[in-house]
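Single-structure report; data block below.
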Amino acid sequence: MADLQAILDDIHAELAPRLGEGKVADYIPQLAHIDPKKFGMSLITVDGAVHKVGDCDEPFSIQSISKVFTLTMALGKHGETTWNRVGREPSGSAFNSIVQLENEGGKPRNPFINAGAIAVSDLVLAGHTPREAIGEIVRFVRYLADDETIVIDPAVAKSEEATGFRNAALANFMRAFGKLTHPVEHVLGVYFHHCALAMTCTQLAHAGLFLAAGGSNPLTGHSVVSSQRARRINALMLTCGHYDGSGEFAYRVGLPGKSGVGGGILAVAPGKAAVTVWSPGLNHNGNSLLGSLALEMFAARTGWSVF
Ligand code: DON
């Protein structure tokens with residue numbers, strides 16, 4: 001067995017001279033203030049070993065990584081009928097693109113692009129108020145991570161609510177196709193709030209561990225989804241988790257992963273571990289630049305690529 005702690009320490013040391021590379025997301029004003037030199041990694045194995053390095057215990061905005069958790073909830077509530085509302089194909093387009101929606105009847109390609117996650121927020125609402133749905137999401141993530149301290153950063157949610165014109169356009173466009181069942185403001189309220197969940201690398205690795213361990217969290221014994229569903233969520237993360245950079249991430253890293261514009265990535269090594277990284281500078285696809293590189297180094301050194 002490779003010395004996992006040494007691998008994380010080496011990656012941190014080797015990337016140290018490059019910290020600050022990439023471009024911090026500034027279209028969400030509250031994220032523009034983040035120190036671009038932050039860097040953390042956490043790894044939790046299915047046997048419960050925890051390894052971490054750098055700013056791994058500092059909360060950051062998980063943004064689109066939250067879409068993995070809301071998809072899991074929507075599947076729990078609606079089962080396979082979830083797929084009547086959102087597809088399972090990579091888009092090959094930017095995360096916030098509207099182009100395909102018009103020709104595809106307002107049905108987003110997959111649950112991880114913004115349009116798809118907005119459709120999933122509609123499914124999670126399921127007749128409840130936004131406040132109830134947001135509370136349910138926070139409770140679910142706390143349950144996954146076995147950590148009651150996880151909260152939403154209200155300033156980030158507000159910042160996005162004030163400037164999220166593209167997301168409002170996506171939601172209104174889908175509503176025009178009859179594809180949202182709740183008022184647009186309610187759906188967006190849920191979406192902006194789950195994107196504003198603040199978590200550390202370690203909390204996020206804990207929350208994603210069920211995907212590495214066949215659907216149950218081996219540390220808590222909590223059963224989350226069936227092993228088949230865990231496999232399928234991993235398949236979607238591999239094919240769609242990095243938007244129009246998903247092919248590149250699969251090629252370089254070879255692990256299911258989900259990125260967020262806060263600079264975080266949750267990666268899953270099935271049967272082995274959940275591994276997370278945070279580095280706020282992004283590449284041109286809106287995925288963490290050094291985070292992707294760190295995971296590429298990690299996968300090469302552990303030999304944990306799924307391929
Ligand atoms: O809706 C947005 O634009 C953000 N709340 C989330 C986008 C995101 O994280 C894309 N990830 N790389």
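Here, A, B, ... name the chains of the structure tokens in the order displayed, residue numbers run from 1 inside each chain, and ligands are numbered from 1 in the same displayed order.
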
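The residue set within 8 Å of region 292-303 of chain A, counting only C-alpha atoms and dropping same-chain residues fewer than 4 places from it, reads A:Ala2, A:Leu4, A:Ile7, A:Leu8, A:Ile11, A:Leu15, A:Phe249, A:Arg252, A:Val253, A:Gly254, A:Leu255, A:Ile265, A:Val277, A:Asn287, A:Ser288.
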
Find the spatial neighbours of Phe173 (chain A), counting only C-alpha atoms, within a cut-off of 10 Å - ignore same-chain residues fewer than 5 positions away - and output them as a PDB file with C-alpha atoms, in the first residue's frame.
ATOM      1  CA  ILE A  98     -28.262  28.017 -22.514  1.00  0.00           C
ATOM      2  CA  LEU A 101     -32.013  24.030 -23.987  1.00  0.00           C
ATOM      3  CA  GLU A 102     -33.822  25.624 -26.900  1.00  0.00           C
ATOM      4  CA  GLY A 105     -37.335  21.138 -25.277  1.00  0.00           C
ATOM      5  CA  GLY A 106     -36.016  22.750 -22.105  1.00  0.00           C
ATOM      6  CA  ALA A 115     -29.654  24.210 -15.984  1.00  0.00           C
ATOM      7  CA  ASN A 167     -29.217  31.282 -13.851  1.00  0.00           C
ATOM      8  CA  ALA A 168     -32.441  33.313 -13.771  1.00  0.00           C
ATOM      9  CA  GLY A 178     -43.254  23.915 -18.757  1.00  0.00           C
ATOM     10  CA  LYS A 179     -40.254  22.130 -17.234  1.00  0.00           C
ATOM     11  CA  LEU A 180     -40.337  23.673 -13.749  1.00  0.00           C
ATOM     12  CA  VAL A 184     -38.816  30.403 -10.582  1.00  0.00           C
TER      13      VAL A 184
END

### Message
as a PyMOL selection string, please: every protein or nucleic acid residue near ligand 1 (cut-off 9 Å, counting only C-alpha atoms and all ligand atoms).
### Response
chain A and resi 27-28+61-67+94-96+112-115+117-118+157+160+164+166-167+191-196+241-243+258-265+282+285-288

Could the residues in this selection be saved with N, CA and C atoms as a short mmCIF file (atom, residue, chain, number, x, y, z; two decimals), in the first residue's frame?
data_model
loop_
_atom_site.label_atom_id
_atom_site.label_comp_id
_atom_site.auth_asym_id
_atom_site.auth_seq_id
_atom_site.Cartn_x
_atom_site.Cartn_y
_atom_site.Cartn_z
N TYR A 27 -17.38 36.27 -10.95
CA TYR A 27 -18.76 36.61 -11.34
C TYR A 27 -19.71 36.45 -10.16
N ILE A 28 -19.23 35.78 -9.10
CA ILE A 28 -19.96 35.78 -7.83
C ILE A 28 -19.13 36.68 -6.90
N SER A 61 -16.50 27.65 -0.31
CA SER A 61 -17.81 27.55 -0.95
C SER A 61 -17.80 26.35 -1.90
N ILE A 62 -18.64 25.35 -1.61
CA ILE A 62 -18.52 24.12 -2.41
C ILE A 62 -19.18 24.26 -3.79
N GLN A 63 -20.05 25.27 -3.92
CA GLN A 63 -20.68 25.57 -5.22
C GLN A 63 -21.21 24.31 -5.91
N SER A 64 -20.75 24.03 -7.13
CA SER A 64 -21.38 22.96 -7.91
C SER A 64 -21.15 21.55 -7.37
N ILE A 65 -20.23 21.40 -6.42
CA ILE A 65 -20.05 20.06 -5.84
C ILE A 65 -21.35 19.65 -5.14
N SER A 66 -22.09 20.66 -4.66
CA SER A 66 -23.37 20.38 -3.97
C SER A 66 -24.36 19.68 -4.90
N LYS A 67 -24.14 19.79 -6.21
CA LYS A 67 -25.09 19.18 -7.17
C LYS A 67 -25.08 17.65 -7.06
N ALA A 94 -20.27 25.01 -21.84
CA ALA A 94 -19.92 25.61 -20.55
C ALA A 94 -21.00 25.31 -19.51
N PHE A 95 -20.60 25.39 -18.24
CA PHE A 95 -21.54 25.01 -17.17
C PHE A 95 -22.79 25.86 -17.13
N ASN A 96 -22.69 27.10 -17.63
CA ASN A 96 -23.83 28.02 -17.54
C ASN A 96 -24.46 28.28 -18.91
N PHE A 112 -25.53 18.16 -13.67
CA PHE A 112 -24.40 18.91 -13.11
C PHE A 112 -24.18 20.28 -13.77
N ILE A 113 -24.63 20.45 -15.03
CA ILE A 113 -24.61 21.82 -15.58
C ILE A 113 -25.65 22.63 -14.81
N ASN A 114 -25.53 23.95 -14.85
CA ASN A 114 -26.42 24.78 -14.05
C ASN A 114 -27.90 24.51 -14.35
N ALA A 115 -28.25 24.44 -15.64
CA ALA A 115 -29.65 24.21 -15.98
C ALA A 115 -30.15 22.91 -15.36
N ALA A 117 -28.98 21.31 -12.70
CA ALA A 117 -29.07 21.40 -11.24
C ALA A 117 -30.26 22.24 -10.81
N ILE A 118 -30.63 23.23 -11.64
CA ILE A 118 -31.83 24.02 -11.34
C ILE A 118 -33.06 23.13 -11.46
N ALA A 157 -24.79 33.15 -0.78
CA ALA A 157 -26.11 32.93 -1.39
C ALA A 157 -26.69 34.28 -1.86
N GLU A 160 -24.95 35.69 -4.93
CA GLU A 160 -25.36 35.04 -6.17
C GLU A 160 -26.79 35.41 -6.57
N GLY A 164 -27.10 36.62 -10.23
CA GLY A 164 -27.24 35.37 -10.99
C GLY A 164 -28.19 35.48 -12.16
N ARG A 166 -27.75 34.91 -15.36
CA ARG A 166 -27.73 33.77 -16.30
C ARG A 166 -28.57 32.62 -15.74
N ASN A 167 -28.42 32.37 -14.44
CA ASN A 167 -29.22 31.28 -13.85
C ASN A 167 -30.70 31.62 -13.90
N TYR A 191 -31.52 26.62 -5.28
CA TYR A 191 -30.27 26.42 -6.02
C TYR A 191 -29.14 27.28 -5.46
N PHE A 192 -29.38 28.57 -5.29
CA PHE A 192 -28.32 29.46 -4.82
C PHE A 192 -27.87 29.08 -3.40
N HIS A 193 -28.82 28.65 -2.59
CA HIS A 193 -28.44 28.31 -1.22
C HIS A 193 -27.62 27.02 -1.15
N HIS A 194 -28.00 26.00 -1.95
CA HIS A 194 -27.17 24.78 -1.83
C HIS A 194 -25.78 25.00 -2.41
N CYS A 195 -25.69 25.87 -3.43
CA CYS A 195 -24.35 26.18 -3.96
C CYS A 195 -23.50 26.90 -2.91
N ALA A 196 -24.15 27.58 -1.96
CA ALA A 196 -23.43 28.38 -0.96
C ALA A 196 -23.06 27.58 0.29
N GLY A 241 -19.01 15.64 -14.69
CA GLY A 241 -18.69 16.38 -13.47
C GLY A 241 -17.82 17.59 -13.65
N HIS A 242 -17.13 17.68 -14.81
CA HIS A 242 -16.27 18.85 -15.07
C HIS A 242 -16.70 19.58 -16.34
N TYR A 243 -18.01 19.45 -16.66
CA TYR A 243 -18.57 20.21 -17.81
C TYR A 243 -17.82 19.89 -19.10
N LYS A 258 -16.27 15.83 -9.15
CA LYS A 258 -17.18 16.97 -9.34
C LYS A 258 -16.50 18.24 -8.85
N SER A 259 -16.48 19.22 -9.72
CA SER A 259 -15.81 20.48 -9.39
C SER A 259 -16.82 21.55 -9.01
N GLY A 260 -16.32 22.62 -8.42
CA GLY A 260 -17.14 23.80 -8.15
C GLY A 260 -16.31 25.05 -8.39
N VAL A 261 -16.98 26.17 -8.70
CA VAL A 261 -16.22 27.40 -9.00
C VAL A 261 -15.58 28.02 -7.76
N GLY A 262 -15.86 27.46 -6.58
CA GLY A 262 -15.13 27.88 -5.39
C GLY A 262 -13.71 27.32 -5.41
N GLY A 263 -13.43 26.42 -6.36
CA GLY A 263 -12.09 25.84 -6.48
C GLY A 263 -11.96 24.46 -5.85
N GLY A 264 -13.07 23.90 -5.44
CA GLY A 264 -13.03 22.56 -4.84
C GLY A 264 -13.28 21.48 -5.88
N ILE A 265 -12.76 20.29 -5.60
CA ILE A 265 -13.10 19.10 -6.39
C ILE A 265 -13.27 17.93 -5.42
N LEU A 282 -8.99 29.01 -11.09
CA LEU A 282 -9.69 28.13 -12.03
C LEU A 282 -9.04 28.13 -13.40
N ASN A 285 -12.26 26.27 -18.12
CA ASN A 285 -13.56 25.60 -18.02
C ASN A 285 -14.26 25.90 -16.70
N GLY A 286 -13.59 26.65 -15.82
CA GLY A 286 -14.20 26.95 -14.51
C GLY A 286 -13.93 25.87 -13.48
N ASN A 287 -12.93 25.02 -13.75
CA ASN A 287 -12.54 23.97 -12.80
C ASN A 287 -11.20 24.34 -12.17
N SER A 288 -10.96 23.91 -10.93
CA SER A 288 -9.73 24.28 -10.25
C SER A 288 -8.50 23.84 -11.04
#

### Task
Pick out the closest residue to Val156 (chain A) from this set: A:Val190, A:Leu19, A:Leu289, A:Leu31. Count only C-alpha atoms.
A:Leu31

### Message
Report as a PyMOL selection string all protein, DNA and RNA residues lying within 7 Å of Thr276 (chain A), evaluated on only C-alpha atoms, omitting residues in the same chain fewer than 6 positions from it.
### Response
chain A and resi 41-43+201+204-205+265-267

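Taking region 79-199 of chain A and asking which residues DSSP calls strand (DSSP E or B) on the backbone, you get Val151, Ile152, Leu197, Ala198 and Met199 of chain A.
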
Write a file of the just-selected residues containing N, CA and C atoms, as a tab-separated table (two decimals), in the first residue's frame.
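What follows is the written file part20.tsv:
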chain	number	residue	atom	x	y	z
A	151	VAL	N	-22.77	24.54	7.53
A	151	VAL	CA	-23.79	25.57	7.30
A	151	VAL	C	-23.67	26.15	5.88
A	152	ILE	N	-24.71	26.88	5.51
A	152	ILE	CA	-24.68	27.66	4.27
A	152	ILE	C	-24.13	29.04	4.60
A	197	LEU	N	-23.26	26.27	0.26
A	197	LEU	CA	-22.80	25.44	1.39
A	197	LEU	C	-21.30	25.64	1.57
A	198	ALA	N	-20.89	25.86	2.80
A	198	ALA	CA	-19.47	26.04	3.10
A	198	ALA	C	-18.97	24.77	3.79
A	199	MET	N	-17.94	24.16	3.23
A	199	MET	CA	-17.41	22.92	3.82
A	199	MET	C	-15.89	22.89	3.69

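Nearest to Pro130 (chain A) of all the residues A:Gly189, A:Phe69, A:Phe307, A:Pro90 is A:Gly189, based on only C-alpha atoms.
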
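Across the structure, CA of Glu89 (chain A) and CA of Gly245 (chain A) are spaced 13.7 Å apart.
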
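Distance-wise, CA of Leu211 (chain A) and CA of Asp3 (chain A) end up 22.6 Å apart.
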
Close residues, Ser246 (chain A) itself excluded, 9 Å, only C-alpha atoms, min 6 positions apart in chain, as a JSON list (two decimals) with C-alpha atoms, in the first residue's frame:
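Final file, part-v9.json:
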[["chain", "number", "residue", "atom", "x", "y", "z"],
["A", 90, "PRO", "CA", -22.26, 15.29, -21.27],
["A", 92, "GLY", "CA", -19.70, 19.65, -24.19],
["A", 237, "MET", "CA", -19.47, 12.45, -12.25],
["A", 238, "LEU", "CA", -16.92, 10.90, -14.59],
["A", 239, "THR", "CA", -18.74, 11.89, -17.78],
["A", 240, "CYS", "CA", -20.28, 15.23, -16.75],
["A", 257, "GLY", "CA", -15.04, 13.92, -9.90]]

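If you look at CA of Gly208 (chain A) and CA of Ile34 (chain A), they are 24.0 Å away from each other.
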
#### Entry: Nearest residue to His33 (chain A) from the set A:Phe60, A:Glu21, A:Ala235, A:Val53 (distances using only C-alpha atoms)
A:Phe60

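Counting only C-alpha atoms and comparing A:Val268, A:Leu144, A:Ala119, A:Ala212, the residue that lies closest to Ala171 (chain A) is A:Ala119.
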
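Using only C-alpha atoms, the protein and nucleic acid residues lying no more than 9 Å from region 228-233 of chain A, apart from those fewer than 2 places from it along its own chain, are Val68, Leu71, Thr72, Leu75, Phe210, Leu211, Ala212, Ala213, Gly214, Gly215, Ser216, Val224, Val225, Ser226, Ala235, Leu236, Met237, Leu238, Pro256 and Pro270 of chain A.
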
### Task
Taking the DSSP assignment computed from this structure's backbone, write out as an NGL selection string all residues of region 125-275 of chain A that belong to alpha helix (DSSP H).
:A and (125 or 130-145 or 154-163 or 165-176 or 184-195 or 201-212 or 227-240 or 246-252)

### Residues near Ala74 (chain A), cut-off 9 Å, only C-alpha atoms, skip fewer than 6 positions along chain, as a PyMOL selection string
chain A and resi 82+120-121+123-124

### Query
Taking into account only C-alpha atoms, which residue in the set A:Leu188, A:Ser227, A:Met73, A:Val24 is nearest to Thr163 (chain A)?
A:Leu188
